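A.B. asks: Below you'll find the structure I mean.
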Amino acid sequence: MTIAVAAAGISSFALLYAPQPVLPQLAEQYHLDPGGASLAVSVATGALALAVLPIAALSEVVGRRPVIIASVVASVVFGFLLPLAPSYPALLVLRALQGVAIAGFPGVAAAYLAERLGKAGLAAAVGAMIAGNTVGGMIGRLAAGFTAGPFGYHGALLVVAGIGLVCTVVTVLALPPGEQGTFAITSPDRRRSERLCEQGRAVLAGLGAAVRKPVLLVQYAVALLAMGSFVALYNAAGFRLTGEPLNLSPAIASLVFLAYAMGSVSSATAGKLVGRFGRRGALAGALLLTIAGAALTLSDSLPMVVAGFVVLTGAFFAAHAVANGWAAAEAPENARGQVGGLYTLSYYLGSSVGGAVGATVYGHAGWTWLIVLTAAWLAIAAVAVLKATFPASHVVKAPFAASDAGKASFSPRR
């Protein structure tokens with residue numbers, strides 16, 4: 001099961017961010033500024049954000065596995081159609097449809113794992129899932145970056161679609177059945193309209209439960225602001241590295257995405273931070289370390305820029321692992337899909353809006369002001385984590401303890 005979910009994550013995130021390293025080529029091909037080129041990423045993540053809640057609600061009725069399977073299959077189909085787009089607007093339409101397709105995996109994967117494994121087994125599985133997501137993002141970006149030179153961006157996107165196809169086959173063959181949808185009603189003597197009404201009320205009740213707990217609202221805010229900052233920096237990274245004063249080739253510039261390897265390690269080992277500092281301390285610390293890494297990229301020294309991307313990537317994915325696991329562990333039983341959907345909506349809304357805004361700021365004001373903007377967003381998220389008031393009786397299981405996730409518990413620090 002872990003292999004199947006990790007493969008789905010690799011496919012989904014490789015496809016989602018494949019255009020990111022070729023944004024300079026898209027800008028040159030279609031005479032776009034960085035903000036316009038970044039729409040190739042932002043429309044997909046924006047469509048994902050809009051689709052994730054309806055799809056998460058659907059998973060409450062039909063079950064998680066069918067949604068995950070449909071997601072990975074459809075997203076690969078659109079991946080193969082992208083290189084055939086006759087114009088930039090057509091490419092954006094296909095990217096939006098692909099974003100809707102991809103939404104089925106991140107929107108329900110955490111809930112699927114929680115139902116299959118329970119809280120005791122959730123830690124390692126969520127860590128593996130996020131590690132797979134990280135590896136997928138890295139592989140997709142590297143593959144596109146290295147093949148864009150000899151094959152153009154069309155060939156680069158086709159190569160990533162091929163990678164997604166292999167991972168999709170693994171997922172379809174290896175993903176075990178999940179529980180039946182939480183709100184599925186199978187009684188044959190119930191009229192269809194009554195079933196739909198009952199399901200609708202149950203889904204809405206779960207959505208209400210997902211927005212009542214302050215601890216969950218904080219995680220949604222972290223997802224929005226941290227992901228917006230992260231994608232803004234990487235959307236502009238290609239322009240920064242291939243332009244003055246660094247002047248790297250596209251293939252060499254794409255090596256910056258090797259920093260995702262650090263993200264894979266940090267997300268899988270974030271439990272050690274939680275075990276030592278608690279969720280609140282670990283999350284706020286990871287956000288502040290992301291700011292420090294971003295600040296290092298202000299240097300015109302290539303080693304410093306590379307070190308900055310390594311630090312900010314590792315710190316961001318540690319923050320994401322803690323926040324995502326925190327949200328999954330705190331989700332009410334009748335709202336797992338809705339909590340996962342809201343977290344993912346926030347995450348990709350941040351990616352879409354933050355990525356586009358960041359690229360526009362970079363295009364008009366340069367890298368320094370982009371760092372100022374993203375640092376402000378990350379600081380707001382850290383303050384929200386540190387200052388939010390949770391109930392005094394709020395004692396929860398730590399979802400990312402290093403060796404005994406099911407045993408450790410603590411009260412969130414104030």
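Letters for chains follow the order of the structure tokens (A, B, ...), residue numbers begin at 1 for each chain, and ligand numbers begin at 1 in the order shown.
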Please identify all polymer residues within 9 Å of range 97-106 of chain A, counting only C-alpha atoms, omitting same-chain residues fewer than 3 positions from it, and present them as a count of residues only.
C.D. replies: 43
A.B. asks: Would you list the contacts of Gly363 in chain A as a VMD selection string, taking every protein, DNA or RNA residue within 10 Å and counting only C-alpha atoms, but skipping same-chain residues closer than 4 positions in sequence?
C.D. replies: chain A and resid 33 to 36 236 239 357 to 359 367 370
A.B. asks: Please produce a file of those selected residues containing N, CA and C atoms, as a PDB file, in the first residue's frame.
C.D. replies:
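Final output, saved to part-v5.pdb:
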```pdb
ATOM      1  N   ASP A  33       5.981  37.557 -20.242  1.00  0.00           N
ATOM      2  CA  ASP A  33       6.812  37.928 -19.102  1.00  0.00           C
ATOM      3  C   ASP A  33       6.772  36.789 -18.087  1.00  0.00           C
ATOM      4  N   PRO A  34       7.597  36.833 -17.021  1.00  0.00           N
ATOM      5  CA  PRO A  34       7.584  35.723 -16.052  1.00  0.00           C
ATOM      6  C   PRO A  34       6.215  35.446 -15.452  1.00  0.00           C
ATOM      7  N   GLY A  35       5.437  36.497 -15.195  1.00  0.00           N
ATOM      8  CA  GLY A  35       4.109  36.284 -14.640  1.00  0.00           C
ATOM      9  C   GLY A  35       3.196  35.541 -15.594  1.00  0.00           C
ATOM     10  N   GLY A  36       3.255  35.878 -16.880  1.00  0.00           N
ATOM     11  CA  GLY A  36       2.423  35.186 -17.863  1.00  0.00           C
ATOM     12  C   GLY A  36       2.840  33.744 -18.048  1.00  0.00           C
ATOM     13  N   ALA A 236      10.192  31.501 -10.086  1.00  0.00           N
ATOM     14  CA  ALA A 236      11.154  32.504 -10.547  1.00  0.00           C
ATOM     15  C   ALA A 236      12.575  31.969 -10.614  1.00  0.00           C
ATOM     16  N   PHE A 239      14.297  31.762 -14.115  1.00  0.00           N
ATOM     17  CA  PHE A 239      14.665  33.079 -14.638  1.00  0.00           C
ATOM     18  C   PHE A 239      15.886  33.632 -13.903  1.00  0.00           C
ATOM     19  N   VAL A 357       1.613  35.595  -8.214  1.00  0.00           N
ATOM     20  CA  VAL A 357       1.981  36.900  -7.655  1.00  0.00           C
ATOM     21  C   VAL A 357       3.495  37.015  -7.521  1.00  0.00           C
ATOM     22  N   GLY A 358       4.124  35.943  -7.024  1.00  0.00           N
ATOM     23  CA  GLY A 358       5.570  35.976  -6.858  1.00  0.00           C
ATOM     24  C   GLY A 358       6.303  36.168  -8.172  1.00  0.00           C
ATOM     25  N   ALA A 359       5.888  35.460  -9.226  1.00  0.00           N
ATOM     26  CA  ALA A 359       6.535  35.608 -10.521  1.00  0.00           C
ATOM     27  C   ALA A 359       6.352  37.015 -11.079  1.00  0.00           C
ATOM     28  N   TRP A 367      14.571  39.888  -7.718  1.00  0.00           N
ATOM     29  CA  TRP A 367      14.652  38.794  -6.741  1.00  0.00           C
ATOM     30  C   TRP A 367      14.576  39.289  -5.290  1.00  0.00           C
ATOM     31  N   LEU A 370      11.104  39.812  -4.204  1.00  0.00           N
ATOM     32  CA  LEU A 370      10.422  38.520  -4.090  1.00  0.00           C
ATOM     33  C   LEU A 370      10.756  37.863  -2.750  1.00  0.00           C
TER      34      LEU A 370
END
```
A.B. asks: Please identify all polymer residues within 12 Å of Val385 in chain A, counting only C-alpha atoms, omitting same-chain residues fewer than 2 positions from it, and present them as a ChimeraX atom specification.
C.D. replies: /A:214-223,225,278-288,319,322-323,326,378-383,387-390,412-414
A.B. asks: Next, write the just-selected residues to a file, as a short mmCIF file (atom, residue, chain, number, x, y, z; two decimals), in the first residue's frame, keeping N, CA, C and O atoms as the atom set.
C.D. replies:
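See selection14.cif below for the written result:
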```cif
data_model
loop_
_atom_site.label_atom_id
_atom_site.label_comp_id
_atom_site.auth_asym_id
_atom_site.auth_seq_id
_atom_site.Cartn_x
_atom_site.Cartn_y
_atom_site.Cartn_z
N PRO A 214 -9.88 25.38 16.04
CA PRO A 214 -8.80 26.35 15.76
C PRO A 214 -7.51 25.69 15.28
O PRO A 214 -6.82 26.23 14.42
N VAL A 215 -7.19 24.51 15.83
CA VAL A 215 -5.95 23.86 15.43
C VAL A 215 -5.96 23.53 13.94
O VAL A 215 -4.92 23.59 13.28
N LEU A 216 -7.12 23.20 13.39
CA LEU A 216 -7.20 22.92 11.96
C LEU A 216 -7.11 24.19 11.13
O LEU A 216 -6.47 24.21 10.06
N LEU A 217 -7.71 25.27 11.59
CA LEU A 217 -7.65 26.54 10.86
C LEU A 217 -6.21 27.02 10.72
O LEU A 217 -5.82 27.57 9.69
N VAL A 218 -5.41 26.81 11.76
CA VAL A 218 -4.01 27.20 11.70
C VAL A 218 -3.27 26.40 10.62
O VAL A 218 -2.46 26.95 9.87
N GLN A 219 -3.56 25.11 10.53
CA GLN A 219 -2.88 24.28 9.52
C GLN A 219 -3.26 24.72 8.10
O GLN A 219 -2.43 24.71 7.20
N TYR A 220 -4.52 25.10 7.92
CA TYR A 220 -4.94 25.61 6.60
C TYR A 220 -4.17 26.89 6.26
O TYR A 220 -3.74 27.08 5.10
N ALA A 221 -3.99 27.76 7.24
CA ALA A 221 -3.26 29.02 7.01
C ALA A 221 -1.80 28.75 6.67
O ALA A 221 -1.22 29.38 5.78
N VAL A 222 -1.20 27.80 7.38
CA VAL A 222 0.19 27.43 7.09
C VAL A 222 0.31 26.89 5.66
O VAL A 222 1.22 27.27 4.91
N ALA A 223 -0.61 26.02 5.27
CA ALA A 223 -0.58 25.46 3.92
C ALA A 223 -0.66 26.56 2.87
O ALA A 223 0.09 26.57 1.89
N LEU A 225 0.04 29.92 3.08
CA LEU A 225 1.14 30.90 3.04
C LEU A 225 2.47 30.25 2.72
O LEU A 225 3.28 30.81 1.97
N GLY A 278 7.76 19.35 20.10
CA GLY A 278 6.31 19.43 19.99
C GLY A 278 5.91 19.93 18.62
O GLY A 278 6.71 20.51 17.88
N ARG A 279 4.67 19.71 18.27
CA ARG A 279 4.20 20.12 16.94
C ARG A 279 4.35 21.62 16.73
O ARG A 279 4.82 22.08 15.68
N ARG A 280 3.95 22.40 17.72
CA ARG A 280 3.97 23.85 17.55
C ARG A 280 5.40 24.35 17.35
O ARG A 280 5.67 25.13 16.42
N GLY A 281 6.31 23.92 18.21
CA GLY A 281 7.69 24.37 18.08
C GLY A 281 8.33 23.90 16.79
O GLY A 281 9.07 24.64 16.14
N ALA A 282 8.07 22.64 16.40
CA ALA A 282 8.65 22.10 15.18
C ALA A 282 8.14 22.84 13.95
O ALA A 282 8.91 23.17 13.04
N LEU A 283 6.84 23.14 13.92
CA LEU A 283 6.26 23.80 12.75
C LEU A 283 6.75 25.24 12.63
O LEU A 283 7.16 25.68 11.56
N ALA A 284 6.72 25.98 13.74
CA ALA A 284 7.19 27.37 13.70
C ALA A 284 8.67 27.43 13.35
O ALA A 284 9.11 28.28 12.55
N GLY A 285 9.46 26.52 13.92
CA GLY A 285 10.88 26.51 13.61
C GLY A 285 11.16 26.21 12.16
O GLY A 285 12.05 26.82 11.54
N ALA A 286 10.42 25.28 11.57
CA ALA A 286 10.62 24.95 10.16
C ALA A 286 10.27 26.14 9.26
O ALA A 286 10.95 26.40 8.27
N LEU A 287 9.23 26.86 9.62
CA LEU A 287 8.85 28.04 8.83
C LEU A 287 9.93 29.12 8.90
O LEU A 287 10.27 29.76 7.89
N LEU A 288 10.48 29.34 10.09
CA LEU A 288 11.53 30.35 10.24
C LEU A 288 12.80 29.93 9.51
O LEU A 288 13.51 30.77 8.93
N ALA A 319 7.96 21.51 7.37
CA ALA A 319 6.76 22.23 7.83
C ALA A 319 5.50 21.60 7.26
O ALA A 319 4.50 21.41 7.97
N VAL A 322 4.69 18.24 9.02
CA VAL A 322 4.12 18.43 10.36
C VAL A 322 2.69 18.94 10.26
O VAL A 322 1.77 18.43 10.93
N ALA A 323 2.45 19.96 9.43
CA ALA A 323 1.11 20.55 9.33
C ALA A 323 0.11 19.56 8.75
O ALA A 323 -1.03 19.45 9.25
N TRP A 326 -0.57 16.86 11.31
CA TRP A 326 -1.34 17.46 12.41
C TRP A 326 -2.81 17.56 12.02
O TRP A 326 -3.71 17.20 12.79
N LEU A 378 5.77 33.83 5.13
CA LEU A 378 6.21 32.77 6.03
C LEU A 378 6.20 33.23 7.49
O LEU A 378 5.86 32.46 8.40
N ALA A 379 6.57 34.48 7.72
CA ALA A 379 6.56 35.02 9.08
C ALA A 379 5.14 35.08 9.64
O ALA A 379 4.91 34.77 10.82
N ILE A 380 4.19 35.45 8.80
CA ILE A 380 2.78 35.47 9.24
C ILE A 380 2.34 34.07 9.63
O ILE A 380 1.66 33.87 10.65
N ALA A 381 2.72 33.08 8.85
CA ALA A 381 2.36 31.70 9.17
C ALA A 381 2.97 31.26 10.49
O ALA A 381 2.31 30.61 11.32
N ALA A 382 4.23 31.60 10.72
CA ALA A 382 4.90 31.23 11.96
C ALA A 382 4.23 31.89 13.17
O ALA A 382 4.04 31.26 14.22
N VAL A 383 3.87 33.15 13.02
CA VAL A 383 3.18 33.86 14.11
C VAL A 383 1.83 33.21 14.40
O VAL A 383 1.43 33.06 15.55
N LYS A 387 1.01 31.97 18.10
CA LYS A 387 0.06 32.79 18.86
C LYS A 387 -1.34 32.20 18.95
O LYS A 387 -2.13 32.65 19.79
N ALA A 388 -1.66 31.24 18.11
CA ALA A 388 -3.01 30.68 18.15
C ALA A 388 -3.27 30.05 19.51
O ALA A 388 -2.40 29.38 20.08
N THR A 389 -4.46 30.26 20.03
CA THR A 389 -4.84 29.72 21.34
C THR A 389 -5.69 28.48 21.14
O THR A 389 -6.78 28.55 20.58
N PHE A 390 -5.18 27.36 21.60
CA PHE A 390 -5.91 26.10 21.56
C PHE A 390 -6.44 25.80 22.95
O PHE A 390 -5.91 26.28 23.95
N PRO A 412 -0.06 21.16 23.04
CA PRO A 412 0.56 22.17 22.19
C PRO A 412 1.04 23.35 23.03
O PRO A 412 0.35 23.81 23.93
N ARG A 413 2.23 23.83 22.70
CA ARG A 413 2.80 24.94 23.47
C ARG A 413 2.07 26.23 23.16
O ARG A 413 1.70 26.51 22.04
N ARG A 414 1.98 27.07 24.14
CA ARG A 414 1.27 28.34 23.98
C ARG A 414 2.24 29.46 23.64
O ARG A 414 3.39 29.36 23.91
#
```
A.B. asks: What's the 9 Å shell around range 296-306 of chain A, counting only C-alpha atoms, without same-chain residues fewer than 6 positions away, as a list in words?
C.D. replies: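 In the requested format, the answer is Leu241, Pro245, Leu246, Val256, Ala259, Trp367, Thr368 and Ile371 of chain A.
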A.B. asks: So that I can check the surroundings of Pro21 in chain A, please list as JSON, numbers by chain every protein, DNA and RNA residue that reaches within 7 Å of it, counting only C-alpha atoms and ignoring chain neighbours fewer than 6 positions away.
C.D. replies: {"A": [141, 144, 145, 238, 254]}
A.B. asks: Keeping N, CA and C atoms, export the residues of the selection given above as a PDB file, in the first residue's frame.
C.D. replies:
```pdb
ATOM      1  N   ARG A 141      10.613  17.782 -12.497  1.00  0.00           N
ATOM      2  CA  ARG A 141      11.337  19.006 -12.839  1.00  0.00           C
ATOM      3  C   ARG A 141      12.688  18.701 -13.488  1.00  0.00           C
ATOM      4  N   ALA A 144      12.148  17.293 -17.058  1.00  0.00           N
ATOM      5  CA  ALA A 144      11.772  18.353 -17.994  1.00  0.00           C
ATOM      6  C   ALA A 144      12.937  19.288 -18.274  1.00  0.00           C
ATOM      7  N   GLY A 145      13.681  19.643 -17.222  1.00  0.00           N
ATOM      8  CA  GLY A 145      14.799  20.560 -17.400  1.00  0.00           C
ATOM      9  C   GLY A 145      15.893  19.998 -18.292  1.00  0.00           C
ATOM     10  N   GLY A 238      14.074  29.588 -12.330  1.00  0.00           N
ATOM     11  CA  GLY A 238      14.648  29.409 -13.654  1.00  0.00           C
ATOM     12  C   GLY A 238      15.104  30.714 -14.272  1.00  0.00           C
ATOM     13  N   SER A 254      18.379  23.539 -14.010  1.00  0.00           N
ATOM     14  CA  SER A 254      17.400  22.587 -13.492  1.00  0.00           C
ATOM     15  C   SER A 254      17.965  21.743 -12.362  1.00  0.00           C
TER      16      SER A 254
END
```
A.B. asks: Which residue out of A:Ala18, A:Ala156, A:Ile252, A:Ala315 has the minimum interatomic distance to Gly140 in chain A when only C-alpha atoms are used?
C.D. replies: A:Ala18
A.B. asks: What does the distance from CA of His154 in chain A to CA of Pro83 in chain A come to in Å, to one decimal?
C.D. replies: 4.6 Å
A.B. asks: Using only C-alpha atoms, find the one residue out of A:Gly243, A:Val22, A:Glu60, A:Val135 that sits nearest to Thr147 in chain A.
C.D. replies: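 Smallest separation from Thr147 in chain A among the options: A:Val22.
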A.B. asks: Measuring between only C-alpha atoms, which one of A:Lys213, A:His31, A:Arg65, A:Arg276 shows the shortest distance to Ala327 in chain A?
C.D. replies: A:Lys213
A.B. asks: For the atom pair CA of Gly228 in chain A and CA of Leu84 in chain A, what is the interatomic distance in Å to one decimal place?
C.D. replies: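 Between CA of Gly228 in chain A and CA of Leu84 in chain A the gap is 29.4 Å.
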A.B. asks: Which residue gives the smallest distance to Arg116 in chain A among A:Gly63, A:Gly308, A:Gly137, A:Gly162, with only C-alpha atoms counted?
C.D. replies: A:Gly63
A.B. asks: Smallest atom-to-atom distance to Gly155 in chain A: which of A:Ser42, A:Leu81, A:Ala318, A:Leu349, using only C-alpha atoms?
C.D. replies: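 Closest to Gly155 in chain A of all the choices is A:Leu81.
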